Amino acid sequence: MLNIAVAFFGIPRNSDICFPSIEQNVLAQLPADCNVQCFYHLYQVGEVSNARSGEQGELAADNYRPFESMTGGLTSTDGVLERWDFERVKTLGDTWNDDYASLRNLIYQLNSLHTVTTMIESFNPDFVVFVRPDNFFHTPLPDYVFSHAAARRHNVYVPDWQWWGGLNDRFAVCGRDTYAAYGKRIERIFDFCKATGRKLHSERLLKFAMQQADARVCTLPTQASRVRINGAFAEESFSPKRGMGKRENRYFHFFATLRTFIDRRR
């Protein structure tokens with residue numbers, strides 16, 4: 001029997017809107033004959049403030065309710081920046097030019113991802129599905145990705161849109177040999193900046209981490225939108241062309257799509 005872990009991380013902004021879509025398009029798509037366990041690491045905060053996305057508002061306590069029966073924990077953000085040497089990260093550059101606010105939020109997100117990934121390890125998963133709880137899923141995960149676990153242990157499936165010069169980091173399905181590299185990529189921040197000469201960037205960091213892990217990158221047609229604290233849906237482009245970046249990334253995308261085509265025919 002396969003072990004499939006579902007990992008939630010970050011902040012659940014609108015669970016009454018998002019979680020039913022996650023149940024329908026993620027959890028209900030997992031093979032019935034598998035051992036599925038859900039894990040979470042979430043930040044317990046009273047409000048959300050994000051100038052870049054225009055968010056400002058209180059976070060109701062019932063947003064955490066769907067996760068109460070799962071394995072995991074709620075923590076504050078205390079000590080997170082110090083743990084990952086944020087002062088050193090700042091010396092690498094302010095990627096979004098907003099007085100390091102977005103960079104700070106990225107560290108919080110990557111720390112949450114790292115924490116839940118560590119929880120998963122003793123479960124010995126064959127596949128891990130990483131999900132941000134503030135996503136509303138419009139379309140389901142394809143079920144074929146969970147077949148042939150031995151052949152797909154090096155695979156990572158990422159959304160086929162909004163790569164922004166790297167890889168879409170909104171959600172993913174990872175095989176047993178790639179999930180740790182995906183979930184613990186915060187450990188590669190300084191390696192990424194040194195190797196590429198770039199400032200820290202979320203999607204490009206993910207691509208770097210997957211390349212360093214020799215992951216077989218494949219694509220998912222599944223679409224999801226971020227839901228803001230006020231219940232509004234973020235404007236999303238689901239075109240694989242938008243944000244693809246340089247020619248090398250377009251080639252990278254072509255081969256990822258080709259791998260996906262071959263995968264589906266197995």
# chains A, B, ... in the order shown; residues from 1 in each chain; ligands from 1
call {"tool": "residues_around", "arguments": {"residues": "range 109-117 of chain A", "least_positions_apart": "4", "cutoff": "6 Å", "atoms": "only C-alpha atoms", "output": "PyMOL selection string"}}
result
chain A and resi 9-10+40-41+183-184+186
call {"tool": "select_by_dssp", "arguments": {"residues": "range 32-109 of chain A", "states": "strand (DSSP E)", "output": "list of chain:residue names"}}
result
A:Asn35, A:Val36, A:Gln37, A:Cys38, A:Phe39, A:Tyr40, A:His41, A:Leu42, A:Tyr43, A:Glu47, A:Val48, A:Ser49, A:Asn50, A:Glu55, A:Gln56, A:Gly57, A:Glu58, A:Thr71, A:Gly72, A:Gly73, A:Leu74, A:Thr75
call {"tool": "write_last_selection", "arguments": {"atoms": "N, CA and C atoms", "output": "JSON list (two decimals), in the first residue's frame"}}
result
[["chain", "number", "residue", "atom", "x", "y", "z"],
["A", 35, "ASN", "N", -2.67, 4.67, 1.73],
["A", 35, "ASN", "CA", -2.65, 5.16, 3.10],
["A", 35, "ASN", "C", -2.36, 6.66, 3.04],
["A", 36, "VAL", "N", -3.38, 7.49, 3.28],
["A", 36, "VAL", "CA", -3.25, 8.94, 3.17],
["A", 36, "VAL", "C", -3.23, 9.56, 4.56],
["A", 37, "GLN", "N", -2.27, 10.44, 4.80],
["A", 37, "GLN", "CA", -2.22, 11.16, 6.07],
["A", 37, "GLN", "C", -1.95, 12.64, 5.79],
["A", 38, "CYS", "N", -2.71, 13.50, 6.46],
["A", 38, "CYS", "CA", -2.57, 14.94, 6.28],
["A", 38, "CYS", "C", -1.76, 15.55, 7.42],
["A", 39, "PHE", "N", -0.85, 16.42, 7.05],
["A", 39, "PHE", "CA", 0.03, 17.11, 7.99],
["A", 39, "PHE", "C", -0.12, 18.61, 7.79],
["A", 40, "TYR", "N", 0.19, 19.38, 8.83],
["A", 40, "TYR", "CA", 0.15, 20.83, 8.65],
["A", 40, "TYR", "C", 1.13, 21.53, 9.58],
["A", 41, "HIS", "N", 1.66, 22.62, 9.10],
["A", 41, "HIS", "CA", 2.27, 23.64, 9.95],
["A", 41, "HIS", "C", 1.68, 24.96, 9.51],
["A", 42, "LEU", "N", 1.02, 25.64, 10.45],
["A", 42, "LEU", "CA", 0.38, 26.91, 10.15],
["A", 42, "LEU", "C", 0.78, 27.94, 11.18],
["A", 43, "TYR", "N", 0.82, 29.18, 10.77],
["A", 43, "TYR", "CA", 1.10, 30.27, 11.71],
["A", 43, "TYR", "C", -0.21, 30.74, 12.35],
["A", 47, "GLU", "N", -4.14, 38.68, 12.56],
["A", 47, "GLU", "CA", -4.45, 39.49, 11.40],
["A", 47, "GLU", "C", -3.41, 39.27, 10.32],
["A", 48, "VAL", "N", -3.80, 39.63, 9.11],
["A", 48, "VAL", "CA", -2.91, 39.53, 7.96],
["A", 48, "VAL", "C", -2.71, 40.92, 7.38],
["A", 49, "SER", "N", -1.44, 41.29, 7.17],
["A", 49, "SER", "CA", -1.12, 42.58, 6.58],
["A", 49, "SER", "C", -0.04, 42.38, 5.53],
["A", 50, "ASN", "N", -0.37, 42.71, 4.29],
["A", 50, "ASN", "CA", 0.57, 42.52, 3.19],
["A", 50, "ASN", "C", 0.37, 43.65, 2.20],
["A", 55, "GLU", "N", -3.49, 43.36, 1.17],
["A", 55, "GLU", "CA", -4.28, 42.69, 2.20],
["A", 55, "GLU", "C", -4.12, 43.37, 3.55],
["A", 56, "GLN", "N", -5.23, 43.49, 4.25],
["A", 56, "GLN", "CA", -5.22, 44.03, 5.60],
["A", 56, "GLN", "C", -6.53, 43.61, 6.26],
["A", 57, "GLY", "N", -6.44, 42.79, 7.31],
["A", 57, "GLY", "CA", -7.67, 42.39, 7.98],
["A", 57, "GLY", "C", -7.44, 41.35, 9.05],
["A", 58, "GLU", "N", -8.44, 41.16, 9.88],
["A", 58, "GLU", "CA", -8.38, 40.17, 10.96],
["A", 58, "GLU", "C", -8.54, 38.77, 10.38],
["A", 71, "THR", "N", -2.41, 15.87, 11.61],
["A", 71, "THR", "CA", -1.17, 15.87, 12.39],
["A", 71, "THR", "C", -0.41, 17.16, 12.11],
["A", 72, "GLY", "N", -0.07, 17.90, 13.15],
["A", 72, "GLY", "CA", 0.68, 19.13, 12.89],
["A", 72, "GLY", "C", 0.70, 20.06, 14.07],
["A", 73, "GLY", "N", 0.92, 21.34, 13.78],
["A", 73, "GLY", "CA", 1.01, 22.30, 14.86],
["A", 73, "GLY", "C", 0.84, 23.72, 14.37],
["A", 74, "LEU", "N", 0.43, 24.58, 15.31],
["A", 74, "LEU", "CA", 0.34, 26.02, 15.10],
["A", 74, "LEU", "C", 1.45, 26.69, 15.87],
["A", 75, "THR", "N", 2.12, 27.64, 15.26],
["A", 75, "THR", "CA", 3.17, 28.37, 15.96],
["A", 75, "THR", "C", 3.07, 29.85, 15.61]]
call {"tool": "closest_residue", "arguments": {"among": "A:Pro12, A:Gly93, A:Pro133, A:Gly166", "to": "Gly197 in chain A", "atoms": "only C-alpha atoms"}}
result
A:Gly93
call {"tool": "residues_around", "arguments": {"residues": "Asp134 in chain A", "least_positions_apart": "4", "cutoff": "7 Å", "atoms": "only C-alpha atoms", "output": "mmCIF file with N, CA and C atoms, in the first residue's frame"}}
result
data_model
loop_
_atom_site.group_PDB
_atom_site.id
_atom_site.type_symbol
_atom_site.label_atom_id
_atom_site.label_comp_id
_atom_site.auth_asym_id
_atom_site.auth_seq_id
_atom_site.Cartn_x
_atom_site.Cartn_y
_atom_site.Cartn_z
ATOM 1 N N ILE A 11 -0.569 30.230 6.014
ATOM 2 C CA ILE A 11 -1.673 30.852 6.744
ATOM 3 C C ILE A 11 -2.980 30.545 6.017
ATOM 4 N N PRO A 12 -3.980 29.989 6.722
ATOM 5 C CA PRO A 12 -5.280 29.711 6.097
ATOM 6 C C PRO A 12 -6.173 30.944 6.134
ATOM 7 N N ARG A 13 -6.236 31.661 5.045
ATOM 8 C CA ARG A 13 -6.927 32.950 5.058
ATOM 9 C C ARG A 13 -8.451 32.841 5.002
ATOM 10 N N ASN A 14 -8.971 31.934 4.196
ATOM 11 C CA ASN A 14 -10.422 31.810 4.016
ATOM 12 C C ASN A 14 -10.793 30.334 3.851
ATOM 13 N N CYS A 18 -11.903 28.125 0.648
ATOM 14 C CA CYS A 18 -10.841 27.319 0.034
ATOM 15 C C CYS A 18 -10.943 25.824 0.343
ATOM 16 N N ARG A 226 -5.335 32.190 -5.531
ATOM 17 C CA ARG A 226 -5.183 32.644 -4.154
ATOM 18 C C ARG A 226 -6.416 33.433 -3.734
ATOM 19 N N VAL A 227 -6.852 33.218 -2.506
ATOM 20 C CA VAL A 227 -7.998 33.938 -1.960
ATOM 21 C C VAL A 227 -7.492 34.868 -0.863
#
call {"tool": "closest_residue", "arguments": {"among": "A:Leu200, A:Ala195, A:Ile17, A:Ala60", "to": "Thr91 in chain A", "atoms": "only C-alpha atoms"}}
result
A:Leu200
call {"tool": "residues_around", "arguments": {"residues": "range 150-160 of chain A", "least_positions_apart": "2", "cutoff": "10 Å", "atoms": "only C-alpha atoms", "output": "ChimeraX atom specification"}}
result
/A:126-129,145-148,162-163,167-179,182,210,213-224,238-241,253,256-257,259-260,263
call {"tool": "write_last_selection", "arguments": {"atoms": "N, CA and C atoms", "output": "compact mmCIF listing (two decimals), in the first residue's frame"}}
result
# COMPACT_ATOMS: atom_id res chain seq x y z
N ASP A 126 5.48 7.75 -0.19
CA ASP A 126 5.82 7.49 -1.58
C ASP A 126 5.57 8.73 -2.44
N PHE A 127 4.55 9.50 -2.05
CA PHE A 127 4.25 10.78 -2.70
C PHE A 127 3.89 11.79 -1.62
N VAL A 128 4.21 13.05 -1.88
CA VAL A 128 3.79 14.14 -1.01
C VAL A 128 3.10 15.20 -1.87
N VAL A 129 1.92 15.62 -1.42
CA VAL A 129 1.18 16.69 -2.08
C VAL A 129 1.30 17.93 -1.20
N VAL A 145 -0.76 10.66 -11.73
CA VAL A 145 0.55 10.96 -11.15
C VAL A 145 0.88 10.04 -10.00
N PHE A 146 -0.13 9.40 -9.40
CA PHE A 146 0.11 8.55 -8.25
C PHE A 146 0.33 7.09 -8.63
N SER A 147 0.41 6.80 -9.91
CA SER A 147 0.70 5.45 -10.38
C SER A 147 2.22 5.27 -10.51
N HIS A 148 2.65 4.03 -10.53
CA HIS A 148 4.06 3.69 -10.78
C HIS A 148 4.99 4.45 -9.83
N GLN A 162 2.50 30.41 -14.65
CA GLN A 162 3.16 31.35 -13.75
C GLN A 162 4.49 30.82 -13.18
N TRP A 163 5.42 30.54 -14.06
CA TRP A 163 6.73 30.08 -13.61
C TRP A 163 7.64 31.24 -13.21
N LEU A 167 10.05 28.04 -11.32
CA LEU A 167 8.97 27.05 -11.32
C LEU A 167 7.87 27.54 -10.40
N ASN A 168 6.63 27.36 -10.80
CA ASN A 168 5.49 27.71 -9.95
C ASN A 168 5.60 26.97 -8.61
N ASP A 169 5.54 27.72 -7.51
CA ASP A 169 5.71 27.12 -6.18
C ASP A 169 4.42 27.08 -5.38
N ARG A 170 3.27 27.21 -6.04
CA ARG A 170 1.98 27.28 -5.35
C ARG A 170 1.58 25.95 -4.74
N PHE A 171 1.74 24.87 -5.49
CA PHE A 171 1.46 23.52 -4.98
C PHE A 171 2.25 22.54 -5.84
N ALA A 172 2.35 21.30 -5.38
CA ALA A 172 3.16 20.32 -6.11
C ALA A 172 2.83 18.92 -5.63
N VAL A 173 3.16 17.95 -6.48
CA VAL A 173 3.17 16.54 -6.09
C VAL A 173 4.59 16.05 -6.30
N CYS A 174 5.19 15.49 -5.24
CA CYS A 174 6.59 15.06 -5.29
C CYS A 174 6.71 13.58 -5.00
N GLY A 175 7.64 12.92 -5.69
CA GLY A 175 7.97 11.54 -5.39
C GLY A 175 8.83 11.45 -4.14
N ARG A 176 9.10 10.23 -3.70
CA ARG A 176 9.80 10.04 -2.43
C ARG A 176 11.23 10.57 -2.42
N ASP A 177 11.86 10.70 -3.59
CA ASP A 177 13.23 11.18 -3.63
C ASP A 177 13.34 12.68 -3.91
N THR A 178 12.22 13.35 -4.07
CA THR A 178 12.26 14.79 -4.35
C THR A 178 11.55 15.64 -3.31
N TYR A 179 10.70 15.03 -2.48
CA TYR A 179 9.87 15.86 -1.60
C TYR A 179 10.70 16.63 -0.59
N TYR A 182 12.23 19.65 -2.24
CA TYR A 182 11.17 20.65 -2.46
C TYR A 182 10.83 21.36 -1.16
N MET A 210 15.37 22.05 -7.36
CA MET A 210 14.99 20.84 -8.09
C MET A 210 16.11 20.39 -9.02
N ALA A 213 18.74 18.65 -7.04
CA ALA A 213 18.31 17.32 -6.59
C ALA A 213 18.12 16.34 -7.74
N ASP A 214 18.43 16.78 -8.98
CA ASP A 214 18.24 15.95 -10.17
C ASP A 214 16.80 15.46 -10.30
N ALA A 215 15.86 16.32 -9.94
CA ALA A 215 14.45 15.98 -10.04
C ALA A 215 14.00 15.98 -11.50
N ARG A 216 13.06 15.11 -11.81
CA ARG A 216 12.43 15.09 -13.13
C ARG A 216 11.19 15.99 -13.05
N VAL A 217 11.32 17.19 -13.57
CA VAL A 217 10.24 18.16 -13.47
C VAL A 217 9.18 17.87 -14.53
N CYS A 218 7.94 17.71 -14.07
CA CYS A 218 6.79 17.51 -14.94
C CYS A 218 5.74 18.57 -14.61
N THR A 219 4.71 18.65 -15.42
CA THR A 219 3.72 19.71 -15.25
C THR A 219 2.35 19.17 -14.87
N LEU A 220 1.56 20.03 -14.22
CA LEU A 220 0.18 19.73 -13.85
C LEU A 220 -0.74 20.74 -14.53
N PRO A 221 -1.87 20.29 -15.06
CA PRO A 221 -2.83 21.22 -15.65
C PRO A 221 -3.73 21.86 -14.60
N THR A 222 -3.65 21.40 -13.36
CA THR A 222 -4.52 21.86 -12.28
C THR A 222 -4.38 23.37 -12.07
N GLN A 223 -5.51 24.05 -11.90
CA GLN A 223 -5.51 25.50 -11.72
C GLN A 223 -6.06 25.86 -10.35
N ALA A 224 -5.45 26.88 -9.74
CA ALA A 224 -5.89 27.33 -8.42
C ALA A 224 -5.64 28.83 -8.30
N PHE A 238 -3.48 31.73 -16.20
CA PHE A 238 -3.15 30.31 -16.27
C PHE A 238 -2.48 29.94 -17.59
N SER A 239 -2.01 30.94 -18.30
CA SER A 239 -1.27 30.69 -19.52
C SER A 239 0.16 30.28 -19.19
N PRO A 240 0.65 29.18 -19.76
CA PRO A 240 2.05 28.79 -19.51
C PRO A 240 3.05 29.75 -20.12
N LYS A 241 2.60 30.65 -21.00
CA LYS A 241 3.50 31.58 -21.65
C LYS A 241 3.84 32.77 -20.76
N HIS A 253 10.66 24.29 -19.98
CA HIS A 253 9.23 24.02 -19.95
C HIS A 253 8.84 23.01 -21.02
N ALA A 256 9.80 19.59 -19.81
CA ALA A 256 8.93 19.19 -18.71
C ALA A 256 7.57 18.73 -19.25
N THR A 257 7.07 19.44 -20.24
CA THR A 257 5.80 19.06 -20.87
C THR A 257 5.94 17.74 -21.60
N ARG A 259 8.05 15.29 -20.83
CA ARG A 259 8.08 14.25 -19.79
C ARG A 259 6.66 13.91 -19.31
N THR A 260 5.86 14.95 -19.16
CA THR A 260 4.48 14.76 -18.71
C THR A 260 3.69 13.93 -19.71
N ASP A 263 4.75 10.40 -19.34
CA ASP A 263 4.22 9.88 -18.08
C ASP A 263 2.77 9.43 -18.23
call {"tool": "atom_distance", "arguments": {"atom1": "CA of Arg188 in chain A", "atom2": "CA of Phe254 in chain A"}}
result
25.6 Å
call {"tool": "closest_residue", "arguments": {"among": "A:Ile262, A:Ala32, A:Arg52, A:Ser237", "to": "Asp99 in chain A", "atoms": "only C-alpha atoms"}}
result
A:Arg52
call {"tool": "atom_distance", "arguments": {"atom1": "CA of Phe8 in chain A", "atom2": "CA of Arg88 in chain A"}}
result
27.8 Å
call {"tool": "atom_distance", "arguments": {"atom1": "CA of Thr77 in chain A", "atom2": "CA of Thr196 in chain A"}}
result
29.0 Å
call {"tool": "residues_around", "arguments": {"residues": "Ala61 in chain A", "least_positions_apart": "2", "cutoff": "10 Å", "atoms": "only C-alpha atoms", "output": "number ranges by chain"}}
result
A: 12-13, 44-46, 58-59, 63-65
call {"tool": "select_by_dssp", "arguments": {"residues": "range 20-144 of chain A", "states": "alpha helix (DSSP H)", "output": "count of residues only"}}
result
36
call {"tool": "closest_residue", "arguments": {"among": "A:Thr139, A:Asn124, A:Phe86, A:Leu205", "to": "Ser225 in chain A", "atoms": "only C-alpha atoms"}}
result
A:Thr139
call {"tool": "closest_residue", "arguments": {"among": "A:His201, A:Glu121, A:Ala209, A:Glu82", "to": "Trp96 in chain A", "atoms": "only C-alpha atoms"}}
result
A:His201
call {"tool": "closest_residue", "arguments": {"among": "A:Cys34, A:Pro66, A:Phe261, A:Asp191", "to": "Met1 in chain A", "atoms": "only C-alpha atoms"}}
result
A:Cys34
